[in-house]
Amino acid sequence: MKKHVAVYPGSFDPITNGHLDIINRGLEVFDTLIVAVARNSEKNALFSIEERVEMIRETLGDNPRLKVDSFKGLLIDYVARQEARVILRGLRAVSDFEYEFQIAQMNHSVNKEIETLFMMTAVPYGYLSSSIVKEMAALNGPIDPFVPLPVKAALDRKFGRAS
């Protein structure tokens, strides 16, 4: 029987509980899910690629159905190299949809064998973004409800916060 593999790409700077919601729900749909950290030189990241990959691995633990990886270049090429057929994307609001729809259309025009599946974020995470979490952490605000423990510890270290 053919395995259904999806790639969940993002910058994950850092990974949030909203991302984890999409990952866990993605595992309900796919046999294997690859969490792919994008090497995007245009974004000014707080954490290095290696730090982000490590935080995600520490958060997700050892699950044979999950793979954590990083990639550089076109997402559509990476997905094809992984022999996946689906790109999984989380949507929080209509504003996310407009941008994601354009990217999905472009990707489909490049490789018609790869589909994009949009998954609506769960209601408690509709407002949550990595940018908001970083700002809260930098201003010594509460971040516990928004990120897993390994990410909270890493943010505490980055911003010199007391754990």
# chains A, B, ... in the order shown; residues from 1 in each chain; ligands from 1
>>> residues_around(residues="Phe101 in chain A", least_positions_apart="2", cutoff="12 Å", atoms="only C-alpha atoms", output="PDB file with N, CA, C and O atoms, in the first residue's frame")
ATOM      1  N   ARG A  89      -0.391  23.224   4.813  1.00  0.00           N
ATOM      2  CA  ARG A  89      -0.257  24.601   5.270  1.00  0.00           C
ATOM      3  C   ARG A  89      -1.383  24.926   6.247  1.00  0.00           C
ATOM      4  O   ARG A  89      -2.524  24.542   6.023  1.00  0.00           O
ATOM      5  N   GLY A  90      -1.038  25.616   7.322  1.00  0.00           N
ATOM      6  CA  GLY A  90      -2.028  26.058   8.287  1.00  0.00           C
ATOM      7  C   GLY A  90      -2.491  27.459   7.946  1.00  0.00           C
ATOM      8  O   GLY A  90      -1.708  28.298   7.512  1.00  0.00           O
ATOM      9  N   LEU A  91      -3.782  27.704   8.137  1.00  0.00           N
ATOM     10  CA  LEU A  91      -4.355  29.021   7.878  1.00  0.00           C
ATOM     11  C   LEU A  91      -5.001  29.550   9.150  1.00  0.00           C
ATOM     12  O   LEU A  91      -5.766  28.854   9.804  1.00  0.00           O
ATOM     13  N   VAL A  94      -8.285  35.031   6.828  1.00  0.00           N
ATOM     14  CA  VAL A  94      -8.440  35.276   5.396  1.00  0.00           C
ATOM     15  C   VAL A  94      -7.161  35.865   4.813  1.00  0.00           C
ATOM     16  O   VAL A  94      -6.762  35.523   3.698  1.00  0.00           O
ATOM     17  N   SER A  95      -6.490  36.719   5.567  1.00  0.00           N
ATOM     18  CA  SER A  95      -5.255  37.329   5.067  1.00  0.00           C
ATOM     19  C   SER A  95      -4.188  36.267   4.789  1.00  0.00           C
ATOM     20  O   SER A  95      -3.422  36.397   3.833  1.00  0.00           O
ATOM     21  N   ASP A  96      -4.126  35.203   5.582  1.00  0.00           N
ATOM     22  CA  ASP A  96      -3.213  34.086   5.302  1.00  0.00           C
ATOM     23  C   ASP A  96      -3.583  33.422   3.984  1.00  0.00           C
ATOM     24  O   ASP A  96      -2.718  33.069   3.193  1.00  0.00           O
ATOM     25  N   PHE A  97      -4.890  33.243   3.754  1.00  0.00           N
ATOM     26  CA  PHE A  97      -5.355  32.524   2.575  1.00  0.00           C
ATOM     27  C   PHE A  97      -4.906  33.193   1.289  1.00  0.00           C
ATOM     28  O   PHE A  97      -4.464  32.515   0.363  1.00  0.00           O
ATOM     29  N   GLU A  98      -5.000  34.500   1.197  1.00  0.00           N
ATOM     30  CA  GLU A  98      -4.656  35.199  -0.038  1.00  0.00           C
ATOM     31  C   GLU A  98      -3.219  34.906  -0.454  1.00  0.00           C
ATOM     32  O   GLU A  98      -2.948  34.578  -1.608  1.00  0.00           O
ATOM     33  N   TYR A  99      -2.295  35.026   0.492  1.00  0.00           N
ATOM     34  CA  TYR A  99      -0.883  34.771   0.209  1.00  0.00           C
ATOM     35  C   TYR A  99      -0.655  33.287  -0.103  1.00  0.00           C
ATOM     36  O   TYR A  99      -0.016  32.930  -1.095  1.00  0.00           O
ATOM     37  N   ILE A 103       0.804  31.189  -3.586  1.00  0.00           N
ATOM     38  CA  ILE A 103       1.937  30.261  -3.559  1.00  0.00           C
ATOM     39  C   ILE A 103       1.501  28.871  -4.027  1.00  0.00           C
ATOM     40  O   ILE A 103       2.203  28.216  -4.806  1.00  0.00           O
ATOM     41  N   ALA A 104       0.341  28.422  -3.561  1.00  0.00           N
ATOM     42  CA  ALA A 104      -0.163  27.095  -3.955  1.00  0.00           C
ATOM     43  C   ALA A 104      -0.394  27.031  -5.464  1.00  0.00           C
ATOM     44  O   ALA A 104      -0.055  26.026  -6.102  1.00  0.00           O
ATOM     45  N   GLN A 105      -0.953  28.091  -6.030  1.00  0.00           N
ATOM     46  CA  GLN A 105      -1.191  28.125  -7.473  1.00  0.00           C
ATOM     47  C   GLN A 105       0.123  28.081  -8.249  1.00  0.00           C
ATOM     48  O   GLN A 105       0.248  27.379  -9.246  1.00  0.00           O
ATOM     49  N   MET A 106       1.110  28.832  -7.783  1.00  0.00           N
ATOM     50  CA  MET A 106       2.423  28.841  -8.434  1.00  0.00           C
ATOM     51  C   MET A 106       3.051  27.454  -8.347  1.00  0.00           C
ATOM     52  O   MET A 106       3.555  26.924  -9.346  1.00  0.00           O
ATOM     53  N   ASN A 107       3.028  26.861  -7.153  1.00  0.00           N
ATOM     54  CA  ASN A 107       3.602  25.521  -6.988  1.00  0.00           C
ATOM     55  C   ASN A 107       2.911  24.512  -7.899  1.00  0.00           C
ATOM     56  O   ASN A 107       3.576  23.669  -8.509  1.00  0.00           O
ATOM     57  N   HIS A 108       1.591  24.602  -7.991  1.00  0.00           N
ATOM     58  CA  HIS A 108       0.849  23.650  -8.837  1.00  0.00           C
ATOM     59  C   HIS A 108       1.172  23.854 -10.313  1.00  0.00           C
ATOM     60  O   HIS A 108       1.199  22.896 -11.080  1.00  0.00           O
ATOM     61  N   GLU A 115      -0.006  18.575  -4.501  1.00  0.00           N
ATOM     62  CA  GLU A 115      -1.154  19.366  -4.072  1.00  0.00           C
ATOM     63  C   GLU A 115      -0.832  20.099  -2.775  1.00  0.00           C
ATOM     64  O   GLU A 115       0.030  19.664  -2.008  1.00  0.00           O
ATOM     65  N   THR A 116      -1.541  21.178  -2.531  1.00  0.00           N
ATOM     66  CA  THR A 116      -1.444  21.893  -1.264  1.00  0.00           C
ATOM     67  C   THR A 116      -2.752  21.682  -0.517  1.00  0.00           C
ATOM     68  O   THR A 116      -3.832  21.892  -1.076  1.00  0.00           O
ATOM     69  N   LEU A 117      -2.631  21.250   0.734  1.00  0.00           N
ATOM     70  CA  LEU A 117      -3.801  21.070   1.587  1.00  0.00           C
ATOM     71  C   LEU A 117      -3.763  22.143   2.662  1.00  0.00           C
ATOM     72  O   LEU A 117      -2.773  22.263   3.402  1.00  0.00           O
ATOM     73  N   PHE A 118      -4.831  22.931   2.739  1.00  0.00           N
ATOM     74  CA  PHE A 118      -4.942  23.962   3.759  1.00  0.00           C
ATOM     75  C   PHE A 118      -5.727  23.402   4.934  1.00  0.00           C
ATOM     76  O   PHE A 118      -6.803  22.838   4.755  1.00  0.00           O
TER      77      PHE A 118
END
>>> residues_around(residues="Phe159 in chain A", least_positions_apart="6", cutoff="12 Å", atoms="only C-alpha atoms", output="ChimeraX atom specification")
/A:46-47,134-141,152-153
>>> write_last_selection(atoms="N, CA and C atoms", output="CSV table (one decimal), in the first residue's frame")
chain,number,residue,atom,x,y,z
A,46,LEU,N,15.5,34.9,14.7
A,46,LEU,CA,16.0,34.9,16.0
A,46,LEU,C,16.9,33.7,16.3
A,47,PHE,N,16.4,32.5,15.8
A,47,PHE,CA,17.1,31.3,16.0
A,47,PHE,C,17.8,30.8,14.7
A,134,LYS,N,7.7,36.0,19.9
A,134,LYS,CA,9.0,36.6,20.1
A,134,LYS,C,8.9,38.0,20.8
A,135,GLU,N,7.9,38.8,20.4
A,135,GLU,CA,7.7,40.1,20.9
A,135,GLU,C,7.3,40.0,22.4
A,136,MET,N,6.4,39.0,22.7
A,136,MET,CA,6.0,38.8,24.1
A,136,MET,C,7.2,38.4,25.0
A,137,ALA,N,8.0,37.5,24.4
A,137,ALA,CA,9.2,37.1,25.2
A,137,ALA,C,10.2,38.2,25.4
A,138,ALA,N,10.4,39.0,24.4
A,138,ALA,CA,11.4,40.2,24.4
A,138,ALA,C,10.9,41.2,25.5
A,139,LEU,N,9.6,41.3,25.7
A,139,LEU,CA,9.0,42.3,26.6
A,139,LEU,C,8.7,41.7,27.9
A,140,ASN,N,9.2,40.5,28.2
A,140,ASN,CA,9.1,39.7,29.4
A,140,ASN,C,7.6,39.4,29.7
A,141,GLY,N,6.8,39.2,28.7
A,141,GLY,CA,5.4,38.8,28.9
A,141,GLY,C,5.3,37.3,29.0
A,152,LYS,N,10.1,27.6,25.2
A,152,LYS,CA,10.1,28.5,26.3
A,152,LYS,C,11.5,28.7,26.9
A,153,ALA,N,12.1,27.6,27.1
A,153,ALA,CA,13.5,27.6,27.7
A,153,ALA,C,14.4,28.3,26.8
>>> atom_distance(atom1="CA of Arg25 in chain A", atom2="CA of Arg52 in chain A")
20.9 Å
>>> closest_residue(among="A:Ser131, A:Ala93, A:Pro124, A:Glu54", to="Pro145 in chain A", atoms="only C-alpha atoms")
A:Pro124
>>> closest_residue(among="A:Tyr8, A:Ser109, A:Gly18, A:Asp31", to="Val68 in chain A", atoms="only C-alpha atoms")
A:Tyr8
>>> residues_around(residues="Thr16 in chain A", least_positions_apart="6", cutoff="7 Å", atoms="only C-alpha atoms", output="NGL selection string")
:A and (130 or 146-148)
>>> write_last_selection(atoms="all heavy atoms", output="PDB file, in the first residue's frame")
ATOM      1  N   SER A 130       4.619  33.200  15.430  1.00  0.00           N
ATOM      2  CA  SER A 130       5.967  33.221  15.993  1.00  0.00           C
ATOM      3  C   SER A 130       6.401  34.644  16.307  1.00  0.00           C
ATOM      4  O   SER A 130       7.065  34.893  17.317  1.00  0.00           O
ATOM      5  CB  SER A 130       6.959  32.575  15.019  1.00  0.00           C
ATOM      6  OG  SER A 130       6.653  31.216  14.839  1.00  0.00           O
ATOM      7  N   PHE A 146       1.668  29.565  24.945  1.00  0.00           N
ATOM      8  CA  PHE A 146       1.785  29.667  23.492  1.00  0.00           C
ATOM      9  C   PHE A 146       2.845  28.772  22.861  1.00  0.00           C
ATOM     10  O   PHE A 146       2.835  28.574  21.654  1.00  0.00           O
ATOM     11  CB  PHE A 146       2.073  31.124  23.107  1.00  0.00           C
ATOM     12  CG  PHE A 146       1.172  32.102  23.788  1.00  0.00           C
ATOM     13  CD1 PHE A 146       1.678  33.069  24.626  1.00  0.00           C
ATOM     14  CD2 PHE A 146      -0.201  32.048  23.607  1.00  0.00           C
ATOM     15  CE1 PHE A 146       0.845  33.973  25.271  1.00  0.00           C
ATOM     16  CE2 PHE A 146      -1.054  32.941  24.243  1.00  0.00           C
ATOM     17  CZ  PHE A 146      -0.528  33.908  25.083  1.00  0.00           C
ATOM     18  N   VAL A 147       3.777  28.283  23.671  1.00  0.00           N
ATOM     19  CA  VAL A 147       4.889  27.490  23.131  1.00  0.00           C
ATOM     20  C   VAL A 147       5.149  26.266  24.004  1.00  0.00           C
ATOM     21  O   VAL A 147       4.873  26.279  25.198  1.00  0.00           O
ATOM     22  CB  VAL A 147       6.187  28.328  23.024  1.00  0.00           C
ATOM     23  CG1 VAL A 147       6.043  29.451  22.012  1.00  0.00           C
ATOM     24  CG2 VAL A 147       6.623  28.867  24.370  1.00  0.00           C
ATOM     25  N   PRO A 148       5.730  25.208  23.412  1.00  0.00           N
ATOM     26  CA  PRO A 148       6.116  24.052  24.210  1.00  0.00           C
ATOM     27  C   PRO A 148       7.311  24.388  25.108  1.00  0.00           C
ATOM     28  O   PRO A 148       8.025  25.373  24.870  1.00  0.00           O
ATOM     29  CB  PRO A 148       6.479  22.998  23.164  1.00  0.00           C
ATOM     30  CG  PRO A 148       6.779  23.761  21.930  1.00  0.00           C
ATOM     31  CD  PRO A 148       5.986  25.025  21.985  1.00  0.00           C
TER      32      PRO A 148
END
>>> select_by_dssp(residues="chain A", states="strand (DSSP E)", output="number ranges by chain")
A: 5-10, 32-38, 66-71, 86-91, 115-120
>>> atom_distance(atom1="CA of Ile22 in chain A", atom2="CA of Ser70 in chain A")
18.0 Å
>>> closest_residue(among="A:Gly126, A:Gly160, A:Pro150, A:Gly26", to="Arg57 in chain A", atoms="only C-alpha atoms")
A:Pro150
>>> select_by_dssp(residues="range 44-148 of chain A", states="alpha helix (DSSP H)", output="VMD selection string")
chain A and resid 49 to 60 75 to 81 94 to 110 130 to 138
>>> atom_distance(atom1="CA of Gly61 in chain A", atom2="CA of Ile23 in chain A")
12.7 Å
>>> closest_residue(among="A:Lys158, A:Arg65, A:Lys72, A:Lys112", to="Val86 in chain A", atoms="only C-alpha atoms")
A:Lys112
>>> closest_residue(among="A:Asn40, A:Ser48, A:Gln102, A:Thr32", to="Leu66 in chain A", atoms="only C-alpha atoms")
A:Thr32
